file run34.cif (mmCIF, C-alpha atoms)
data_model
loop_
_atom_site.label_atom_id
_atom_site.label_comp_id
_atom_site.auth_asym_id
_atom_site.auth_seq_id
_atom_site.Cartn_x
_atom_site.Cartn_y
_atom_site.Cartn_z
CA MET A 1 -91.75 61.25 82.32
CA SER A 2 -93.02 61.19 85.86
CA ALA A 3 -95.98 63.55 85.68
CA ARG A 4 -97.52 65.63 88.36
CA LEU A 5 -100.66 67.66 87.99
CA SER A 6 -101.35 70.64 90.22
CA LYS A 7 -104.44 70.72 92.43
CA GLU A 8 -105.80 73.47 90.18
CA LYS A 9 -105.24 71.36 87.06
CA ILE A 10 -106.91 68.33 88.63
CA ASN A 11 -109.96 70.41 89.61
CA TYR A 12 -110.08 72.03 86.19
CA LEU A 13 -109.86 68.69 84.37
CA SER A 14 -112.50 67.15 86.62
CA LYS A 15 -114.92 69.95 85.67
CA ARG A 16 -114.19 69.53 81.96
CA ILE A 17 -114.69 65.76 82.20
CA LEU A 18 -117.95 66.32 84.06
CA ASP A 19 -119.06 68.47 81.10
CA VAL A 20 -118.24 65.55 78.79
CA LEU A 21 -120.40 63.24 80.93
CA ASN A 22 -123.21 65.80 80.96
CA ARG A 23 -123.24 66.06 77.18
CA ASN A 24 -123.12 62.30 76.65
CA ASP A 25 -126.62 60.78 76.20
CA ASP A 26 -125.29 57.36 77.19
CA VAL A 27 -124.42 58.53 80.70
CA GLU A 28 -127.02 58.73 83.45
CA PHE A 29 -126.21 60.48 86.74
CA LEU A 30 -127.30 58.69 89.92
CA ASP A 31 -125.83 61.28 92.29
CA GLU A 32 -125.14 65.02 92.53
CA PRO A 33 -122.78 66.29 89.80
CA ASN A 34 -120.23 67.43 92.37
CA GLU A 35 -120.11 63.93 93.91
CA ILE A 36 -119.39 62.54 90.45
CA ARG A 37 -116.74 65.20 89.92
CA LEU A 38 -115.08 64.10 93.17
CA VAL A 39 -114.90 60.54 91.83
CA ILE A 40 -113.02 61.95 88.84
CA VAL A 41 -110.70 63.91 91.16
CA ARG A 42 -109.89 60.72 93.08
CA ALA A 43 -109.21 58.87 89.83
CA LEU A 44 -106.82 61.61 88.70
CA GLU A 45 -105.03 61.61 92.06
CA GLU A 46 -104.72 57.83 92.04
CA GLU A 47 -103.23 57.94 88.56
CA MET A 48 -100.62 60.49 89.63
CA LYS A 49 -99.57 58.16 92.46
CA LEU A 50 -99.32 55.37 89.93
CA TYR A 51 -97.00 57.46 87.75
CA ASP A 52 -94.77 58.01 90.78
CA GLN A 53 -94.59 54.23 91.29
CA LEU A 54 -93.75 53.67 87.62
CA ASP A 55 -91.07 56.34 87.87
CA LYS A 56 -89.51 54.57 90.84
CA LYS A 57 -89.69 51.15 89.12
CA ALA A 58 -88.03 52.49 85.97
CA ILE A 59 -85.22 54.12 88.01
CA ASP A 60 -84.73 50.95 90.11
CA LYS A 61 -84.46 48.92 86.93
CA ILE A 62 -81.76 51.22 85.53
CA GLN A 63 -79.84 51.14 88.80
CA SER A 64 -79.97 47.35 88.90
CA GLN A 65 -77.98 47.10 85.65
CA LYS A 66 -74.44 45.73 85.95
CA LYS A 67 -73.06 48.70 84.09
CA SER A 68 -73.28 52.05 85.85
CA ILE A 69 -75.36 54.51 83.81
CA GLU A 70 -75.07 58.19 84.56
CA GLU A 71 -78.39 59.84 85.33
CA GLY A 72 -79.33 62.43 82.74
CA SER A 73 -77.21 60.83 80.02
CA ARG A 74 -78.82 59.92 76.70
CA GLU A 75 -78.57 56.22 77.53
CA TRP A 76 -80.25 56.81 80.88
CA ASP A 77 -83.10 58.75 79.24
CA ILE A 78 -83.66 56.06 76.60
CA LEU A 79 -83.71 53.27 79.19
CA TYR A 80 -85.96 55.28 81.48
CA ARG A 81 -88.55 55.80 78.74
CA LYS A 82 -88.32 52.15 77.72
CA TYR A 83 -88.78 50.76 81.24
CA TYR A 84 -91.44 53.31 82.16
CA ASN A 85 -93.53 52.48 79.09
CA GLU A 86 -93.04 48.76 79.66
CA GLU A 87 -94.42 49.11 83.19
CA LEU A 88 -97.30 51.27 81.94
CA SER A 89 -98.18 48.71 79.23
CA LYS A 90 -98.22 45.90 81.82
CA LEU A 91 -100.71 47.87 83.93
CA GLY A 92 -102.96 48.53 80.95
CA LYS A 93 -103.14 44.83 80.14
CA LEU A 94 -103.77 43.87 83.75
CA SER A 95 -106.61 46.32 84.24
CA GLU A 96 -108.50 45.52 81.01
CA MET B 97 -99.65 86.38 69.17
CA LEU B 98 -97.49 89.42 68.38
CA LYS B 99 -98.96 91.30 71.32
CA ILE B 100 -98.12 88.45 73.68
CA GLN B 101 -94.63 88.12 72.25
CA GLY B 102 -94.24 91.85 72.83
CA HIS B 103 -95.28 91.50 76.48
CA VAL B 104 -92.81 88.71 77.02
CA THR B 105 -89.98 90.58 75.31
CA GLU B 106 -90.67 93.63 77.46
CA TYR B 107 -90.84 91.44 80.55
CA MET B 108 -87.54 89.78 79.70
CA SER B 109 -85.93 93.16 78.96
CA ARG B 110 -86.84 94.28 82.48
CA ILE B 111 -85.20 91.16 83.92
CA PHE B 112 -82.02 91.73 81.88
CA LEU B 113 -81.95 95.42 82.85
CA HIS B 114 -82.28 94.48 86.49
CA ALA B 115 -79.38 92.04 86.09
CA SER B 116 -77.15 94.64 84.45
CA LYS B 117 -77.90 97.21 87.18
CA ASN B 118 -76.62 94.72 89.69
CA GLY B 119 -73.26 94.75 87.93
CA GLY B 120 -73.80 91.39 86.32
CA THR B 121 -74.46 89.74 89.66
CA PRO B 122 -76.94 86.93 89.15
CA VAL B 123 -80.36 88.17 90.18
CA ILE B 124 -81.66 84.62 90.11
CA PRO B 125 -79.52 81.73 91.39
CA LEU B 126 -77.47 80.31 88.59
CA LEU B 127 -77.99 76.72 87.52
CA GLU B 128 -75.95 75.04 84.89
CA PHE B 129 -77.56 75.66 81.56
CA SER B 130 -77.41 72.56 79.43
CA ALA B 131 -79.12 70.72 76.64
CA SER B 132 -80.30 68.12 79.12
CA LEU B 133 -82.09 70.81 81.14
CA LEU B 134 -83.91 71.93 78.01
CA TYR B 135 -84.76 68.31 77.35
CA CYS B 136 -86.18 67.80 80.86
CA ILE B 137 -88.35 70.90 80.63
CA ALA B 138 -89.62 69.85 77.23
CA ASP B 139 -90.63 66.45 78.48
CA MET B 140 -92.98 67.20 81.34
CA ARG B 141 -96.27 66.51 79.60
CA LEU B 142 -98.19 63.24 79.65
CA ASN B 143 -97.51 60.97 76.69
CA LYS B 144 -100.11 59.11 74.61
CA ASN B 145 -99.89 55.94 76.71
CA GLN B 146 -100.32 57.88 79.92
CA ILE B 147 -103.32 59.80 78.58
CA GLU B 148 -105.02 56.60 77.43
CA HIS B 149 -104.38 54.95 80.77
CA LEU B 150 -105.61 58.02 82.63
CA ALA B 151 -108.88 58.03 80.63
CA PHE B 152 -109.24 54.32 81.34
CA THR B 153 -108.73 54.87 85.09
CA ILE B 154 -111.37 57.63 85.14
CA VAL B 155 -113.97 55.46 83.37
CA ARG B 156 -113.13 52.51 85.62
CA HIS B 157 -113.64 54.67 88.75
CA LEU B 158 -116.94 56.06 87.44
CA HIS B 159 -118.19 52.57 86.66
CA LYS B 160 -116.98 51.05 89.95
CA ASP B 161 -118.34 53.85 92.15
CA GLY B 162 -121.90 53.34 90.91
CA LYS B 163 -122.72 57.04 90.80
CA VAL B 164 -123.37 56.91 87.05
CA ILE B 165 -124.80 54.43 84.57
CA LEU B 166 -122.55 54.09 81.53
CA GLU B 167 -124.33 52.70 78.49
CA ASN B 168 -121.36 52.99 76.17
CA LYS B 169 -118.02 52.88 77.96
CA THR B 170 -115.98 52.74 74.75
CA LYS B 171 -117.50 55.97 73.42
CA LEU B 172 -116.98 57.72 76.75
CA LEU B 173 -113.39 56.50 76.90
CA GLU B 174 -112.76 58.00 73.46
CA GLU B 175 -114.34 61.30 74.46
CA ILE B 176 -112.31 61.60 77.65
CA THR B 177 -109.11 60.62 75.82
CA ALA B 178 -109.82 63.31 73.20
CA LEU B 179 -110.46 65.93 75.89
CA LEU B 180 -107.29 65.07 77.82
CA THR B 181 -105.23 65.04 74.62
CA GLU B 182 -106.57 68.47 73.70
CA GLU B 183 -105.88 69.86 77.17
CA PHE B 184 -102.33 68.55 77.37
CA GLN B 185 -101.69 69.67 73.79
CA LYS B 186 -102.49 73.24 74.86
CA GLU B 187 -99.76 73.00 77.46
CA ASP B 188 -97.36 71.40 74.97
CA ASP B 189 -97.95 74.25 72.54
CA LEU B 190 -97.35 76.73 75.33
CA ASP B 191 -94.10 74.96 76.26
CA GLN B 192 -92.95 75.18 72.65
CA GLU B 193 -93.74 78.86 72.54
CA VAL B 194 -91.80 79.53 75.73
CA ARG B 195 -88.81 77.64 74.31
CA ASP B 196 -89.04 79.71 71.12
CA VAL B 197 -89.15 82.97 73.08
CA LEU B 198 -86.20 81.98 75.27
CA SER B 199 -84.14 80.72 72.33
CA LYS B 200 -84.25 84.26 70.92
CA HIS B 201 -82.70 85.56 74.15
CA ILE B 202 -80.24 82.76 74.80
CA GLU B 203 -77.16 84.99 74.66
CA GLU B 204 -78.67 87.51 77.10
CA ILE B 205 -79.55 84.67 79.46
CA ARG B 206 -75.95 83.41 79.37
CA LYS B 207 -74.39 86.86 79.72
CA GLY B 208 -76.76 87.86 82.52
CA ASN B 209 -76.15 84.59 84.39
CA LEU B 210 -79.91 84.08 84.51
CA ASP B 211 -81.35 80.75 85.44
CA TYR B 212 -83.01 79.28 82.35
CA GLN B 213 -85.42 77.10 84.30
CA THR B 214 -86.63 79.99 86.46
CA MET B 215 -87.08 82.19 83.39
CA TYR B 216 -88.94 79.36 81.71
CA ARG B 217 -91.39 79.01 84.56
CA MET B 218 -91.93 82.77 84.87
CA ILE B 219 -92.73 83.21 81.18
CA LYS B 220 -94.86 80.09 81.01
CA THR B 221 -96.91 81.20 84.02
CA ARG B 222 -97.39 84.63 82.49
CA LEU B 223 -98.47 83.32 79.09
CA ALA B 224 -100.77 80.74 80.67
CA LYS B 225 -102.48 83.46 82.70
CA GLU B 226 -102.97 85.62 79.63
CA ARG B 227 -104.57 82.70 77.78
CA ASN B 228 -106.55 81.22 80.64
CA ILE B 229 -104.65 77.96 80.52
CA VAL B 230 -104.66 76.16 83.86
CA LEU B 231 -101.22 74.73 84.65
#

call {"tool": "encode", "arguments": {"input": "run34.cif", "output": "structure tokens"}}
result
Amino acid sequence: MSARLSKEKINYLSKRILDVLNRNDDVEFLDEPNEIRLVIVRALEEEMKLYDQLDKKAIDKIQSQKKSIEEGSREWDILYRKYYNEELSKLGKLSE
Amino acid sequence: MLKIQGHVTEYMSRIFLHASKNGGTPVIPLLEFSASLLYCIADMRLNKNQIEHLAFTIVRHLHKDGKVILENKTKLLEEITALLTEEFQKEDDLDQEVRDVLSKHIEEIRKGNLDYQTMYRMIKTRLAKERNIVL
């Protein structure tokens, strides 16, 4: 579930999101469009780092179980998804 | 669709031919082919929670940085979420198509000792290029 986006994908998405901002009448630009696009790039990069942290937390949580769970097994996958989503939900609530 | 499938089939045929000319020697390093590998490849996209959080992070950055005035953050959040969902869906659909193509050649992959994951990436890259999908 740990996701990584390529540099090309991040740049592409930032341009598409900039188009969304441009079309939205409720958004007013106070700087050059490319500067705003770079803010979006930074947000995307920060999020990817966050996913890496969640990935590590989920794995640490599985490894801290008393019972040894083999990586790649169905049980491991289920627990990984569960712990990853739990960590992601916590972040959502904290940042709202 | 049929044209693309044809390209891929031709492309795969060339790989299999190359393998057979090498006397069955693996052209591409062999990795264990397993259901779990298929599962891993199928699960690389962002899920709904991740997409929603990503859209939230983008709006938060835009707001915090002060380079834009956002009159309606909720509406913008919905628009960005919709865009991201659409973009990642394109890649999901592509992944499904690659799996479908490879499933038709599963015996040849096994017999030719070809690495499923490498084949997967090669075909996905090719299809993405043909359809202008940025990976």

call {"tool": "resolve_selection", "arguments": {"input": "run34.cif", "expression": "the PyMOL selection byres ((chain A) within 6 of (chain B))", "output": "list of chain:residue names"}}
result
A:Lys9, A:Asp26, A:Val27, A:Glu28, A:Phe29, A:Leu30, A:Asp31, A:Ile40, A:Ala43

call {"tool": "residues_around", "arguments": {"input": "run34.cif", "residues": "A:Gln53", "least_positions_apart": "2", "cutoff": "12 Å", "atoms": "all atoms listed in the file", "output": "PDB file with C-alpha atoms, in the frame of the given file"}}
result
ATOM      1  CA  MET A   1     -91.750  61.250  82.320  1.00  0.00           C
ATOM      2  CA  SER A   2     -93.020  61.190  85.860  1.00  0.00           C
ATOM      3  CA  ALA A   3     -95.980  63.550  85.680  1.00  0.00           C
ATOM      4  CA  GLU A  46    -104.720  57.830  92.040  1.00  0.00           C
ATOM      5  CA  GLU A  47    -103.230  57.940  88.560  1.00  0.00           C
ATOM      6  CA  MET A  48    -100.620  60.490  89.630  1.00  0.00           C
ATOM      7  CA  LYS A  49     -99.570  58.160  92.460  1.00  0.00           C
ATOM      8  CA  LEU A  50     -99.320  55.370  89.930  1.00  0.00           C
ATOM      9  CA  TYR A  51     -97.000  57.460  87.750  1.00  0.00           C
ATOM     10  CA  ASP A  55     -91.070  56.340  87.870  1.00  0.00           C
ATOM     11  CA  LYS A  56     -89.510  54.570  90.840  1.00  0.00           C
ATOM     12  CA  LYS A  57     -89.690  51.150  89.120  1.00  0.00           C
ATOM     13  CA  ALA A  58     -88.030  52.490  85.970  1.00  0.00           C
ATOM     14  CA  ILE A  59     -85.220  54.120  88.010  1.00  0.00           C
ATOM     15  CA  ASP A  60     -84.730  50.950  90.110  1.00  0.00           C
ATOM     16  CA  TYR A  84     -91.440  53.310  82.160  1.00  0.00           C
ATOM     17  CA  GLU A  87     -94.420  49.110  83.190  1.00  0.00           C
ATOM     18  CA  LEU A  88     -97.300  51.270  81.940  1.00  0.00           C
ATOM     19  CA  LEU A  91    -100.710  47.870  83.930  1.00  0.00           C
TER      20      LEU A  91
END

call {"tool": "resolve_selection", "arguments": {"input": "run34.cif", "expression": "the PyMOL selection byres ((chain A and resi 13) around 10)", "output": "PyMOL selection string"}}
result
(chain A and resi 5+7-12+14-19+37+40-41+44) or (chain B and resi 179-180+183+230)

call {"tool": "residues_around", "arguments": {"input": "run34.cif", "residues": "B:Glu193", "least_positions_apart": "4", "cutoff": "10 Å", "atoms": "all atoms listed in the file", "output": "ChimeraX atom specification"}}
result
/B:101,187-189,197-199,219-220,223

call {"tool": "write_last_selection", "arguments": {"input": "run34.cif", "atoms": "C-alpha atoms", "output": "tab-separated table (two decimals), in the frame of the given file"}}
result
chain	number	residue	atom	x	y	z
B	101	GLN	CA	-94.63	88.12	72.25
B	187	GLU	CA	-99.76	73.00	77.46
B	188	ASP	CA	-97.36	71.40	74.97
B	189	ASP	CA	-97.95	74.25	72.54
B	197	VAL	CA	-89.15	82.97	73.08
B	198	LEU	CA	-86.20	81.98	75.27
B	199	SER	CA	-84.14	80.72	72.33
B	219	ILE	CA	-92.73	83.21	81.18
B	220	LYS	CA	-94.86	80.09	81.01
B	223	LEU	CA	-98.47	83.32	79.09

call {"tool": "closest_residue", "arguments": {"input": "run34.cif", "among": "B:Glu174, B:Met215, B:Gln185, B:Lys207", "to": "A:Leu21", "atoms": "only C-alpha atoms"}}
result
B:Glu174

call {"tool": "atom_distance", "arguments": {"input": "run34.cif", "atom1": "atom CA of A:Val39", "atom2": "atom CA of B:Ala178"}}
result
19.5 Å

call {"tool": "atom_distance", "arguments": {"input": "run34.cif", "atom1": "atom CA of B:Gln192", "atom2": "atom CA of B:Asp211"}}
result
18.1 Å

call {"tool": "atom_distance", "arguments": {"input": "run34.cif", "atom1": "atom CA of B:Tyr216", "atom2": "atom CA of B:Asp196"}}
result
10.6 Å
